[in-house]
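Visitor: Got a structure for you, questions after.
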Amino acid sequence: MIKKVMTSIKLQKLLHFKMQQRVISDGYGMRGKSKWIVEAIESFLQLSDFPILTDIADDMDHLSEVISIRLTDDLMLKLDQAIIEVRRQYPAMEGVKSNLIRASIMQRLIREATSVTEQ
């Protein structure tokens with residue numbers, strides 16, 4: 001059995017709403033939020049410019065919605081490595097893990113919306 005770790009982040013109300021809509025419309029159902037976010041994080045960490053996109057997510061305010069997600073130990077290790085990479089470029093940034101997850105969610109919403117309109 002794969003060990004999972006619970007973590008929580010805060011999102012803007014509108015971003016949370018759009019994410020919930022996309023999770024459902026993508027067929028993940030009400031219980032598929034963590035899986036959708038895990039896929040978003042894994043995809044996001046493949047981007048060469050993820051530290052810059054993480055810095056953009058650092059500027060978000062009005063973070064009123066708290067969400068909890070289950071991440072595998074393997075993904076937590078990848079996030080820890082990504083945190084080190086981001087801190088190299090942005091040493092003063094706080095809440096790097098939350099910013100990485102927020103940026104992952106935003107990029108999945110943006111990139112999938114863009115790819116649908118381009119088809």
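Just remember, in the structure tokens the first chain shown is A, the second B, etc., residues are 1-based per chain, and ligands are 1-based in the order shown.
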List as a PDB file with N, CA, C and O atoms, in the first residue's frame the protein and nucleic acid residues near Lys78 in chain A, meaning an atom at most 12 Å away when only C-alpha atoms are counted, but skip any in the same chain fewer than 6 places from it.
Guide:
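And here is the file that came out, out-v5.pdb:
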ATOM      1  N   VAL A  38      -2.692  16.031  -7.655  1.00  0.00           N
ATOM      2  CA  VAL A  38      -1.429  15.291  -7.783  1.00  0.00           C
ATOM      3  C   VAL A  38      -0.959  15.310  -9.238  1.00  0.00           C
ATOM      4  O   VAL A  38       0.219  15.561  -9.516  1.00  0.00           O
ATOM      5  N   ILE A  41       0.406  18.728 -10.045  1.00  0.00           N
ATOM      6  CA  ILE A  41       1.736  18.957  -9.471  1.00  0.00           C
ATOM      7  C   ILE A  41       2.801  18.233 -10.290  1.00  0.00           C
ATOM      8  O   ILE A  41       3.838  18.810 -10.633  1.00  0.00           O
ATOM      9  N   GLU A  42       2.544  16.966 -10.608  1.00  0.00           N
ATOM     10  CA  GLU A  42       3.526  16.186 -11.365  1.00  0.00           C
ATOM     11  C   GLU A  42       3.800  16.821 -12.721  1.00  0.00           C
ATOM     12  O   GLU A  42       4.947  16.915 -13.162  1.00  0.00           O
ATOM     13  N   SER A  43       2.760  17.283 -13.373  1.00  0.00           N
ATOM     14  CA  SER A  43       2.914  17.956 -14.663  1.00  0.00           C
ATOM     15  C   SER A  43       3.659  19.279 -14.504  1.00  0.00           C
ATOM     16  O   SER A  43       4.557  19.610 -15.292  1.00  0.00           O
ATOM     17  N   PHE A  44       3.309  20.031 -13.477  1.00  0.00           N
ATOM     18  CA  PHE A  44       3.919  21.335 -13.223  1.00  0.00           C
ATOM     19  C   PHE A  44       5.421  21.215 -12.985  1.00  0.00           C
ATOM     20  O   PHE A  44       6.216  22.011 -13.496  1.00  0.00           O
ATOM     21  N   LEU A  45       5.826  20.206 -12.216  1.00  0.00           N
ATOM     22  CA  LEU A  45       7.244  20.045 -11.894  1.00  0.00           C
ATOM     23  C   LEU A  45       8.078  19.640 -13.111  1.00  0.00           C
ATOM     24  O   LEU A  45       9.301  19.733 -13.072  1.00  0.00           O
ATOM     25  N   GLN A  46       7.426  19.248 -14.194  1.00  0.00           N
ATOM     26  CA  GLN A  46       8.131  18.924 -15.434  1.00  0.00           C
ATOM     27  C   GLN A  46       8.484  20.184 -16.233  1.00  0.00           C
ATOM     28  O   GLN A  46       9.316  20.134 -17.131  1.00  0.00           O
ATOM     29  N   LEU A  71      -1.039  13.414  -0.517  1.00  0.00           N
ATOM     30  CA  LEU A  71       0.077  13.282  -1.442  1.00  0.00           C
ATOM     31  C   LEU A  71       0.898  12.052  -1.065  1.00  0.00           C
ATOM     32  O   LEU A  71       1.079  11.763   0.109  1.00  0.00           O
ATOM     33  N   THR A  72       1.429  11.359  -2.073  1.00  0.00           N
ATOM     34  CA  THR A  72       2.279  10.204  -1.796  1.00  0.00           C
ATOM     35  C   THR A  72       3.631  10.673  -1.268  1.00  0.00           C
ATOM     36  O   THR A  72       4.037  11.823  -1.487  1.00  0.00           O
ATOM     37  N   ILE A  84      13.717  23.337  -2.867  1.00  0.00           N
ATOM     38  CA  ILE A  84      15.131  23.733  -2.873  1.00  0.00           C
ATOM     39  C   ILE A  84      15.448  24.525  -4.135  1.00  0.00           C
ATOM     40  O   ILE A  84      16.120  25.561  -4.091  1.00  0.00           O
ATOM     41  N   GLU A  85      14.947  24.060  -5.274  1.00  0.00           N
ATOM     42  CA  GLU A  85      15.180  24.754  -6.551  1.00  0.00           C
ATOM     43  C   GLU A  85      14.593  26.161  -6.535  1.00  0.00           C
ATOM     44  O   GLU A  85      15.224  27.128  -6.971  1.00  0.00           O
ATOM     45  N   LYS A  97       6.037  25.495  -0.536  1.00  0.00           N
ATOM     46  CA  LYS A  97       5.257  24.303  -0.886  1.00  0.00           C
ATOM     47  C   LYS A  97       3.836  24.686  -1.281  1.00  0.00           C
ATOM     48  O   LYS A  97       3.321  24.227  -2.306  1.00  0.00           O
ATOM     49  N   LEU A 100       3.911  26.299  -4.661  1.00  0.00           N
ATOM     50  CA  LEU A 100       4.097  25.296  -5.715  1.00  0.00           C
ATOM     51  C   LEU A 100       2.772  24.615  -6.051  1.00  0.00           C
ATOM     52  O   LEU A 100       2.428  24.450  -7.224  1.00  0.00           O
ATOM     53  N   ILE A 101       2.021  24.252  -5.028  1.00  0.00           N
ATOM     54  CA  ILE A 101       0.745  23.561  -5.257  1.00  0.00           C
ATOM     55  C   ILE A 101      -0.265  24.513  -5.896  1.00  0.00           C
ATOM     56  O   ILE A 101      -0.965  24.146  -6.853  1.00  0.00           O
TER      57      ILE A 101
END
Visitor: Skipping near chain neighbours, those fewer than 4 positions away, what residues fall within 8 Å of Thr7 in chain A using only C-alpha atoms, listed as a PyMOL selection string?
Guide: chain A and resi 68-71
Visitor: Just the selected residues (N, CA, C and O atoms), exported as an mmCIF file, in the first residue's frame, please.
Guide:
data_model
loop_
_atom_site.group_PDB
_atom_site.id
_atom_site.type_symbol
_atom_site.label_atom_id
_atom_site.label_comp_id
_atom_site.auth_asym_id
_atom_site.auth_seq_id
_atom_site.Cartn_x
_atom_site.Cartn_y
_atom_site.Cartn_z
ATOM 1 N N SER A 68 -7.651 20.353 1.816
ATOM 2 C CA SER A 68 -6.734 19.303 2.253
ATOM 3 C C SER A 68 -6.574 18.313 1.117
ATOM 4 O O SER A 68 -7.547 17.970 0.433
ATOM 5 N N ILE A 69 -5.335 17.859 0.937
ATOM 6 C CA ILE A 69 -5.057 16.891 -0.126
ATOM 7 C C ILE A 69 -4.140 15.803 0.412
ATOM 8 O O ILE A 69 -3.381 16.021 1.350
ATOM 9 N N ARG A 70 -4.221 14.626 -0.210
ATOM 10 C CA ARG A 70 -3.365 13.503 0.135
ATOM 11 C C ARG A 70 -2.310 13.352 -0.948
ATOM 12 O O ARG A 70 -2.643 13.173 -2.126
ATOM 13 N N LEU A 71 -1.039 13.414 -0.517
ATOM 14 C CA LEU A 71 0.077 13.282 -1.442
ATOM 15 C C LEU A 71 0.898 12.052 -1.065
ATOM 16 O O LEU A 71 1.079 11.763 0.109
#
Visitor: Which residues are close to range 73-76 of chain A, i.e. within 7 Å by only C-alpha atoms, leaving aside same-chain residues fewer than 2 positions away? Reply as a ChimeraX atom specification.
Guide: /A:3-5,71,78-80
Visitor: Any idea what the distance is between CA of Asp61 in chain A and CA of Pro91 in chain A?
Guide: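 Distance reported for this atom pair: 19.9 Å.
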